[in-house]
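One file, coords-v2.txt, carrying compact mmCIF, N, CA and C atoms:
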# COMPACT_ATOMS: atom_id res chain seq x y z
N MET A 1 20.23 0.32 3.79
CA MET A 1 19.14 1.20 3.39
C MET A 1 18.62 0.78 2.02
N LEU A 2 19.54 0.61 1.06
CA LEU A 2 19.13 0.23 -0.29
C LEU A 2 18.57 -1.19 -0.32
N GLN A 3 19.17 -2.07 0.48
CA GLN A 3 18.69 -3.46 0.53
C GLN A 3 17.27 -3.51 1.09
N ARG A 4 16.98 -2.69 2.10
CA ARG A 4 15.63 -2.65 2.67
C ARG A 4 14.64 -2.14 1.63
N PHE A 5 15.05 -1.16 0.85
CA PHE A 5 14.19 -0.62 -0.21
C PHE A 5 13.90 -1.70 -1.25
N ILE A 6 14.93 -2.44 -1.65
CA ILE A 6 14.75 -3.51 -2.63
C ILE A 6 13.86 -4.61 -2.07
N ASP A 7 14.06 -4.97 -0.80
CA ASP A 7 13.22 -5.99 -0.17
C ASP A 7 11.77 -5.55 -0.10
N ASP A 8 11.54 -4.27 0.19
CA ASP A 8 10.16 -3.74 0.22
C ASP A 8 9.51 -3.85 -1.15
N ILE A 9 10.25 -3.54 -2.19
CA ILE A 9 9.71 -3.63 -3.56
C ILE A 9 9.41 -5.08 -3.91
N LYS A 10 10.32 -6.00 -3.54
CA LYS A 10 10.08 -7.42 -3.82
C LYS A 10 8.84 -7.91 -3.09
N ASP A 11 8.71 -7.55 -1.82
CA ASP A 11 7.54 -7.99 -1.04
C ASP A 11 6.26 -7.42 -1.63
N SER A 12 6.30 -6.15 -2.00
CA SER A 12 5.12 -5.51 -2.57
C SER A 12 4.73 -6.14 -3.90
N ALA A 13 5.72 -6.40 -4.74
CA ALA A 13 5.43 -7.02 -6.05
C ALA A 13 4.92 -8.44 -5.87
N GLY A 14 5.51 -9.19 -4.96
CA GLY A 14 5.06 -10.55 -4.70
C GLY A 14 3.64 -10.60 -4.18
N THR A 15 3.34 -9.71 -3.25
CA THR A 15 1.99 -9.65 -2.69
C THR A 15 0.99 -9.24 -3.76
N THR A 16 1.35 -8.28 -4.58
CA THR A 16 0.45 -7.84 -5.64
C THR A 16 0.20 -8.95 -6.65
N LEU A 17 1.24 -9.68 -7.00
CA LEU A 17 1.09 -10.78 -7.95
C LEU A 17 0.21 -11.89 -7.40
N LYS A 18 0.43 -12.26 -6.15
CA LYS A 18 -0.39 -13.30 -5.53
C LYS A 18 -1.85 -12.87 -5.45
N LEU A 19 -2.06 -11.65 -5.01
CA LEU A 19 -3.43 -11.14 -4.88
C LEU A 19 -4.11 -11.04 -6.24
N SER A 20 -3.38 -10.62 -7.25
CA SER A 20 -3.95 -10.52 -8.59
C SER A 20 -4.32 -11.88 -9.15
N SER A 21 -3.45 -12.90 -8.93
CA SER A 21 -3.79 -14.23 -9.44
C SER A 21 -5.00 -14.81 -8.73
N LEU A 22 -5.10 -14.59 -7.42
CA LEU A 22 -6.26 -15.09 -6.69
C LEU A 22 -7.54 -14.39 -7.14
N VAL A 23 -7.45 -13.09 -7.35
CA VAL A 23 -8.61 -12.35 -7.81
C VAL A 23 -9.03 -12.83 -9.20
N LEU A 24 -8.07 -13.07 -10.07
CA LEU A 24 -8.38 -13.54 -11.42
C LEU A 24 -9.05 -14.92 -11.39
N ALA A 25 -8.50 -15.84 -10.59
CA ALA A 25 -9.09 -17.18 -10.50
C ALA A 25 -10.50 -17.12 -9.93
N ALA A 26 -10.68 -16.32 -8.89
CA ALA A 26 -12.01 -16.19 -8.29
C ALA A 26 -12.98 -15.53 -9.26
N ALA A 27 -12.51 -14.56 -10.01
CA ALA A 27 -13.38 -13.88 -10.96
C ALA A 27 -13.83 -14.82 -12.08
N VAL A 28 -12.92 -15.65 -12.58
CA VAL A 28 -13.28 -16.59 -13.64
C VAL A 28 -14.30 -17.60 -13.13
N ALA A 29 -14.05 -18.16 -11.94
CA ALA A 29 -14.98 -19.14 -11.37
C ALA A 29 -16.33 -18.50 -11.09
N LEU A 30 -16.31 -17.30 -10.57
CA LEU A 30 -17.57 -16.61 -10.28
C LEU A 30 -18.31 -16.26 -11.57
N LEU A 31 -17.59 -15.91 -12.60
CA LEU A 31 -18.21 -15.58 -13.87
C LEU A 31 -18.91 -16.79 -14.49
N ILE A 32 -18.25 -17.93 -14.45
CA ILE A 32 -18.86 -19.14 -15.00
C ILE A 32 -20.09 -19.54 -14.18
N THR A 33 -19.96 -19.49 -12.87
CA THR A 33 -21.09 -19.82 -12.01
C THR A 33 -22.26 -18.87 -12.25
N LEU A 34 -21.95 -17.60 -12.30
CA LEU A 34 -23.02 -16.63 -12.53
C LEU A 34 -23.66 -16.78 -13.90
N ALA A 35 -22.86 -17.16 -14.88
CA ALA A 35 -23.43 -17.33 -16.22
C ALA A 35 -24.49 -18.44 -16.22
N PHE A 36 -24.19 -19.55 -15.58
CA PHE A 36 -25.17 -20.65 -15.54
C PHE A 36 -26.37 -20.30 -14.66
N LEU A 37 -26.10 -19.66 -13.53
CA LEU A 37 -27.21 -19.27 -12.67
C LEU A 37 -28.11 -18.24 -13.36
N CYS A 38 -27.49 -17.30 -14.04
CA CYS A 38 -28.27 -16.28 -14.73
C CYS A 38 -29.06 -16.89 -15.89
N ALA A 39 -28.48 -17.83 -16.59
CA ALA A 39 -29.20 -18.49 -17.68
C ALA A 39 -30.42 -19.23 -17.14
N ALA A 40 -30.21 -19.95 -16.04
CA ALA A 40 -31.34 -20.68 -15.44
C ALA A 40 -32.40 -19.72 -14.93
N LEU A 41 -31.98 -18.67 -14.25
CA LEU A 41 -32.93 -17.69 -13.74
C LEU A 41 -33.64 -16.98 -14.88
N PHE A 42 -32.91 -16.66 -15.94
CA PHE A 42 -33.52 -15.99 -17.08
C PHE A 42 -34.59 -16.86 -17.72
N ILE A 43 -34.26 -18.12 -17.94
CA ILE A 43 -35.25 -19.02 -18.58
C ILE A 43 -36.47 -19.19 -17.69
N TYR A 44 -36.25 -19.40 -16.39
CA TYR A 44 -37.38 -19.57 -15.48
C TYR A 44 -38.24 -18.31 -15.42
N THR A 45 -37.59 -17.15 -15.27
CA THR A 45 -38.33 -15.89 -15.17
C THR A 45 -39.03 -15.56 -16.49
N GLN A 46 -38.42 -15.87 -17.59
CA GLN A 46 -39.04 -15.62 -18.89
C GLN A 46 -40.29 -16.47 -19.06
N GLN A 47 -40.24 -17.71 -18.61
CA GLN A 47 -41.42 -18.57 -18.73
C GLN A 47 -42.53 -18.13 -17.80
N GLU A 48 -42.18 -17.65 -16.62
CA GLU A 48 -43.19 -17.28 -15.62
C GLU A 48 -43.72 -15.85 -15.81
N TYR A 49 -42.80 -14.87 -16.04
CA TYR A 49 -43.20 -13.46 -16.01
C TYR A 49 -43.01 -12.73 -17.33
N GLY A 50 -42.14 -13.20 -18.18
CA GLY A 50 -41.91 -12.52 -19.44
C GLY A 50 -40.47 -12.11 -19.60
N THR A 51 -40.15 -11.61 -20.79
CA THR A 51 -38.76 -11.31 -21.14
C THR A 51 -38.21 -10.09 -20.40
N ILE A 52 -39.00 -9.04 -20.25
CA ILE A 52 -38.51 -7.83 -19.60
C ILE A 52 -38.16 -8.09 -18.14
N GLN A 53 -39.03 -8.79 -17.43
CA GLN A 53 -38.74 -9.10 -16.03
C GLN A 53 -37.52 -10.02 -15.90
N ALA A 54 -37.35 -10.91 -16.85
CA ALA A 54 -36.17 -11.79 -16.82
C ALA A 54 -34.89 -10.98 -17.01
N CYS A 55 -34.91 -10.03 -17.92
CA CYS A 55 -33.73 -9.17 -18.12
C CYS A 55 -33.42 -8.35 -16.88
N LEU A 56 -34.44 -7.82 -16.22
CA LEU A 56 -34.23 -7.03 -15.01
C LEU A 56 -33.66 -7.88 -13.88
N ALA A 57 -34.11 -9.11 -13.77
CA ALA A 57 -33.59 -10.00 -12.72
C ALA A 57 -32.11 -10.29 -12.93
N VAL A 58 -31.72 -10.57 -14.17
CA VAL A 58 -30.32 -10.84 -14.47
C VAL A 58 -29.47 -9.59 -14.23
N ALA A 59 -29.98 -8.44 -14.60
CA ALA A 59 -29.24 -7.18 -14.36
C ALA A 59 -29.05 -6.95 -12.86
N ALA A 60 -30.06 -7.26 -12.07
CA ALA A 60 -29.95 -7.09 -10.61
C ALA A 60 -28.87 -8.00 -10.04
N ILE A 61 -28.78 -9.21 -10.55
CA ILE A 61 -27.76 -10.14 -10.07
C ILE A 61 -26.37 -9.59 -10.38
N PHE A 62 -26.16 -9.12 -11.59
CA PHE A 62 -24.85 -8.57 -11.95
C PHE A 62 -24.52 -7.32 -11.13
N PHE A 63 -25.50 -6.53 -10.83
CA PHE A 63 -25.27 -5.34 -10.01
C PHE A 63 -24.82 -5.73 -8.60
N VAL A 64 -25.45 -6.72 -8.01
CA VAL A 64 -25.08 -7.17 -6.66
C VAL A 64 -23.65 -7.72 -6.66
N VAL A 65 -23.31 -8.48 -7.67
CA VAL A 65 -21.95 -9.03 -7.76
C VAL A 65 -20.92 -7.90 -7.88
N ALA A 66 -21.23 -6.90 -8.68
CA ALA A 66 -20.30 -5.78 -8.85
C ALA A 66 -20.12 -5.01 -7.55
N VAL A 67 -21.19 -4.81 -6.80
CA VAL A 67 -21.09 -4.08 -5.53
C VAL A 67 -20.26 -4.88 -4.54
N ILE A 68 -20.46 -6.18 -4.46
CA ILE A 68 -19.68 -7.02 -3.54
C ILE A 68 -18.19 -6.96 -3.90
N ALA A 69 -17.87 -7.06 -5.17
CA ALA A 69 -16.47 -7.00 -5.60
C ALA A 69 -15.85 -5.64 -5.27
N LEU A 70 -16.60 -4.58 -5.45
CA LEU A 70 -16.11 -3.24 -5.15
C LEU A 70 -15.82 -3.08 -3.66
N VAL A 71 -16.69 -3.59 -2.82
CA VAL A 71 -16.49 -3.51 -1.37
C VAL A 71 -15.23 -4.26 -0.97
N ILE A 72 -15.00 -5.43 -1.54
CA ILE A 72 -13.81 -6.22 -1.21
C ILE A 72 -12.54 -5.49 -1.63
N VAL A 73 -12.54 -4.90 -2.82
CA VAL A 73 -11.36 -4.17 -3.29
C VAL A 73 -11.07 -2.96 -2.40
N ILE A 74 -12.09 -2.25 -2.00
CA ILE A 74 -11.91 -1.08 -1.13
C ILE A 74 -11.33 -1.49 0.22
N GLN A 75 -11.81 -2.59 0.78
CA GLN A 75 -11.29 -3.07 2.06
C GLN A 75 -9.82 -3.46 1.94
N GLN A 76 -9.45 -4.12 0.86
CA GLN A 76 -8.06 -4.51 0.66
C GLN A 76 -7.16 -3.28 0.55
N GLN A 77 -7.62 -2.26 -0.15
CA GLN A 77 -6.83 -1.04 -0.30
C GLN A 77 -6.66 -0.33 1.05
N LYS A 78 -7.70 -0.31 1.86
CA LYS A 78 -7.60 0.33 3.17
C LYS A 78 -6.63 -0.42 4.06
N ARG A 79 -6.64 -1.74 4.02
CA ARG A 79 -5.71 -2.53 4.83
C ARG A 79 -4.27 -2.28 4.39
N ALA A 80 -4.04 -2.26 3.09
CA ALA A 80 -2.68 -2.02 2.58
C ALA A 80 -2.21 -0.62 2.96
N GLU A 81 -3.09 0.35 2.88
CA GLU A 81 -2.72 1.73 3.25
C GLU A 81 -2.42 1.82 4.74
N ALA A 82 -3.18 1.11 5.57
CA ALA A 82 -2.93 1.12 7.01
C ALA A 82 -1.58 0.48 7.32
N ARG A 83 -1.24 -0.61 6.61
CA ARG A 83 0.06 -1.24 6.83
C ARG A 83 1.20 -0.30 6.42
N ARG A 84 1.03 0.40 5.30
CA ARG A 84 2.07 1.36 4.88
C ARG A 84 2.22 2.49 5.89
N ALA A 85 1.11 2.98 6.43
CA ALA A 85 1.16 4.07 7.41
C ALA A 85 1.85 3.60 8.70
N GLU A 86 1.57 2.38 9.13
CA GLU A 86 2.22 1.85 10.33
C GLU A 86 3.72 1.71 10.12
N ALA A 87 4.13 1.23 8.96
CA ALA A 87 5.56 1.07 8.68
C ALA A 87 6.25 2.43 8.64
N LEU A 88 5.61 3.43 8.05
CA LEU A 88 6.19 4.76 7.99
C LEU A 88 6.31 5.36 9.38
N ALA A 89 5.27 5.18 10.21
CA ALA A 89 5.31 5.71 11.57
C ALA A 89 6.41 5.03 12.38
N ALA A 90 6.58 3.73 12.21
CA ALA A 90 7.63 3.01 12.93
C ALA A 90 9.01 3.50 12.51
N ALA A 91 9.19 3.76 11.22
CA ALA A 91 10.49 4.25 10.74
C ALA A 91 10.78 5.65 11.29
N LYS A 92 9.77 6.51 11.31
CA LYS A 92 9.97 7.86 11.85
C LYS A 92 10.28 7.82 13.33
N THR A 93 9.60 6.97 14.08
CA THR A 93 9.83 6.85 15.51
C THR A 93 11.24 6.36 15.79
N ALA A 94 11.70 5.40 15.00
CA ALA A 94 13.05 4.87 15.20
C ALA A 94 14.10 5.93 14.93
N SER A 95 13.91 6.73 13.88
CA SER A 95 14.91 7.76 13.58
C SER A 95 14.87 8.88 14.61
N GLN A 96 13.70 9.22 15.12
CA GLN A 96 13.61 10.28 16.12
C GLN A 96 14.17 9.83 17.47
N SER A 97 13.99 8.57 17.80
CA SER A 97 14.48 8.09 19.09
C SER A 97 16.01 8.07 19.11
N LEU A 98 16.65 7.85 17.96
CA LEU A 98 18.11 7.87 17.93
C LEU A 98 18.64 9.28 18.18
N LEU A 99 17.99 10.27 17.60
CA LEU A 99 18.48 11.65 17.75
C LEU A 99 18.21 12.21 19.14
N SER A 100 17.23 11.70 19.85
CA SER A 100 16.92 12.23 21.18
C SER A 100 17.53 11.40 22.30
N ASP A 101 18.35 10.41 21.97
CA ASP A 101 18.97 9.55 22.96
C ASP A 101 20.14 10.29 23.61
N PRO A 102 20.09 10.52 24.95
CA PRO A 102 21.18 11.25 25.61
C PRO A 102 22.52 10.51 25.57
N VAL A 103 22.48 9.19 25.58
CA VAL A 103 23.73 8.42 25.53
C VAL A 103 24.41 8.63 24.18
N LEU A 104 23.63 8.65 23.13
CA LEU A 104 24.18 8.87 21.80
C LEU A 104 24.77 10.27 21.68
N LEU A 105 24.07 11.25 22.23
CA LEU A 105 24.60 12.62 22.18
C LEU A 105 25.88 12.75 22.99
N ALA A 106 25.93 12.13 24.16
CA ALA A 106 27.14 12.18 24.98
C ALA A 106 28.31 11.50 24.26
N THR A 107 28.04 10.40 23.59
CA THR A 107 29.08 9.71 22.83
C THR A 107 29.59 10.59 21.71
N GLY A 108 28.67 11.29 21.03
CA GLY A 108 29.07 12.21 19.96
C GLY A 108 29.96 13.32 20.47
N VAL A 109 29.62 13.87 21.63
CA VAL A 109 30.45 14.94 22.22
C VAL A 109 31.83 14.41 22.57
N GLN A 110 31.91 13.20 23.12
CA GLN A 110 33.21 12.61 23.46
C GLN A 110 34.06 12.37 22.21
N ILE A 111 33.41 11.94 21.12
CA ILE A 111 34.15 11.73 19.87
C ILE A 111 34.72 13.04 19.36
N VAL A 112 33.90 14.09 19.42
CA VAL A 112 34.36 15.41 18.95
C VAL A 112 35.53 15.89 19.80
N ARG A 113 35.46 15.69 21.11
CA ARG A 113 36.55 16.13 21.98
C ARG A 113 37.83 15.35 21.71
N SER A 114 37.71 14.04 21.50
CA SER A 114 38.91 13.23 21.34
C SER A 114 39.56 13.42 19.96
N ILE A 115 38.77 13.54 18.91
CA ILE A 115 39.34 13.67 17.57
C ILE A 115 39.65 15.13 17.25
N GLY A 116 38.80 16.01 17.62
CA GLY A 116 39.01 17.41 17.34
C GLY A 116 38.02 17.90 16.29
N ILE A 117 37.63 19.16 16.43
CA ILE A 117 36.60 19.73 15.57
C ILE A 117 37.11 19.93 14.15
N LYS A 118 38.40 20.25 13.97
CA LYS A 118 38.91 20.51 12.63
C LYS A 118 38.93 19.24 11.78
N ARG A 119 39.18 18.11 12.40
CA ARG A 119 39.20 16.85 11.65
C ARG A 119 37.78 16.34 11.39
N LEU A 120 36.86 16.66 12.25
CA LEU A 120 35.49 16.16 12.11
C LEU A 120 34.62 17.04 11.21
N LEU A 121 35.06 18.25 10.94
CA LEU A 121 34.24 19.18 10.16
C LEU A 121 33.86 18.61 8.78
N PRO A 122 34.77 18.03 8.00
CA PRO A 122 34.34 17.45 6.71
C PRO A 122 33.36 16.29 6.87
N VAL A 123 33.57 15.48 7.90
CA VAL A 123 32.66 14.34 8.13
C VAL A 123 31.27 14.85 8.50
N VAL A 124 31.21 15.86 9.35
CA VAL A 124 29.92 16.43 9.74
C VAL A 124 29.24 17.08 8.54
N ALA A 125 30.00 17.73 7.70
CA ALA A 125 29.42 18.35 6.50
C ALA A 125 28.82 17.29 5.58
N LEU A 126 29.52 16.21 5.37
CA LEU A 126 28.98 15.12 4.55
C LEU A 126 27.74 14.49 5.19
N GLY A 127 27.79 14.33 6.50
CA GLY A 127 26.62 13.79 7.21
C GLY A 127 25.41 14.70 7.09
N GLY A 128 25.64 16.01 7.21
CA GLY A 128 24.55 16.96 7.05
C GLY A 128 23.98 16.94 5.64
N LEU A 129 24.84 16.81 4.65
CA LEU A 129 24.39 16.71 3.27
C LEU A 129 23.55 15.46 3.07
N ALA A 130 24.01 14.34 3.61
CA ALA A 130 23.25 13.08 3.49
C ALA A 130 21.91 13.19 4.19
N LEU A 131 21.89 13.79 5.37
CA LEU A 131 20.64 13.96 6.10
C LEU A 131 19.68 14.87 5.35
N GLY A 132 20.20 15.92 4.75
CA GLY A 132 19.36 16.81 3.95
C GLY A 132 18.77 16.12 2.73
N LEU A 133 19.58 15.31 2.07
CA LEU A 133 19.07 14.56 0.91
C LEU A 133 18.01 13.55 1.32
N MET A 134 18.20 12.90 2.46
CA MET A 134 17.19 11.95 2.93
C MET A 134 15.89 12.66 3.28
N ALA A 135 15.99 13.80 3.94
CA ALA A 135 14.79 14.55 4.30
C ALA A 135 14.07 15.05 3.06
N TYR A 136 14.82 15.49 2.06
CA TYR A 136 14.21 15.96 0.81
C TYR A 136 13.48 14.83 0.11
N ARG A 137 14.13 13.65 0.07
CA ARG A 137 13.51 12.49 -0.58
C ARG A 137 12.22 12.09 0.14
N ASP A 138 12.23 12.10 1.47
CA ASP A 138 11.03 11.76 2.24
C ASP A 138 9.92 12.77 2.01
N SER A 139 10.26 14.07 1.91
CA SER A 139 9.22 15.07 1.70
C SER A 139 8.65 14.97 0.29
N VAL A 140 9.47 14.65 -0.70
CA VAL A 140 8.98 14.46 -2.07
C VAL A 140 8.06 13.24 -2.13
N ALA A 141 8.45 12.17 -1.47
CA ALA A 141 7.62 10.96 -1.44
C ALA A 141 6.29 11.24 -0.74
N ALA A 142 6.31 12.00 0.34
CA ALA A 142 5.07 12.32 1.06
C ALA A 142 4.16 13.19 0.21
N ARG A 143 4.75 14.15 -0.54
CA ARG A 143 3.93 14.99 -1.41
C ARG A 143 3.33 14.19 -2.54
N SER A 144 4.08 13.26 -3.11
CA SER A 144 3.53 12.45 -4.20
C SER A 144 2.45 11.51 -3.68
N ASP A 145 2.57 11.02 -2.45
CA ASP A 145 1.51 10.20 -1.84
C ASP A 145 0.26 11.01 -1.62
N ASP A 146 0.43 12.27 -1.16
CA ASP A 146 -0.73 13.14 -0.95
C ASP A 146 -1.44 13.45 -2.24
N LYS A 147 -0.68 13.70 -3.31
CA LYS A 147 -1.29 13.99 -4.61
C LYS A 147 -2.01 12.77 -5.14
N GLY A 148 -1.44 11.57 -4.97
CA GLY A 148 -2.03 10.34 -5.47
C GLY A 148 -3.31 9.98 -4.75
N SER A 149 -3.38 10.19 -3.42
CA SER A 149 -4.57 9.80 -2.68
C SER A 149 -5.61 10.91 -2.66
N GLY A 150 -5.27 12.11 -3.08
CA GLY A 150 -6.21 13.23 -3.06
C GLY A 150 -7.22 13.18 -4.19
N GLY A 151 -6.99 12.43 -5.27
CA GLY A 151 -7.84 12.43 -6.45
C GLY A 151 -8.93 11.50 -6.34
Turn the structure described in the file into structure tokens.
Amino acid sequence: MLQRFIDDIKDSAGTTLKLSSLVLAAAVALLITLAFLCAALFIYTQQEYGTIQACLAVAAIFFVVAVIALVIVIQQQKRAEARRAEALAAAKTASQSLLSDPVLLATGVQIVRSIGIKRLLPVVALGGLALGLMAYRDSVAARSDDKGSGG
């Protein structure tokens, strides 16, 4: 359980680092390209139409670039959120299928009969405590996710 949690954090951090470096490299290249294109457009527009029209043209270019970048970031966030939701649903389905498995329940009843209820009572109490702590942790995580995405 703990190893899976650590692996998830490593994967998330690695993906975030890779995505951030690619975004940074693309942003620098795009910024340099846009700077030269805007300079050329500004000089041409200034010679043909005047300074005010040249400034408006350059502002329009920067606005379009900002909108495109915003759309890309929103799409990436939606994909990441969909992947997280799928993983959570798969984990919930796996845990629910174990509890509703008749073979598992029959095995549990046979264990109780063979060992005895008095010997199993402390083990069941510890198991119930662990299950309660896991459920509490999941509900706290779900509430913090709801608060984070609600703003």
Completion exercise
What separates atom C of Val58 in chain A and CA of Cys38 in chain A is a distance of 6.8 Å
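Nearest residue to Ala66 in chain A, choosing from A:Ala135, A:Leu34, A:Asp11, A:Leu22 and counting only C-alpha atoms: A:Leu34.
With CA of Val140 in chain A on one side and CA of Leu19 in chain A on the other, the separation reads 28.6 Å.
Atom C of Thr93 in chain A lies 15.9 Å from atom N of Ser139 in chain A.
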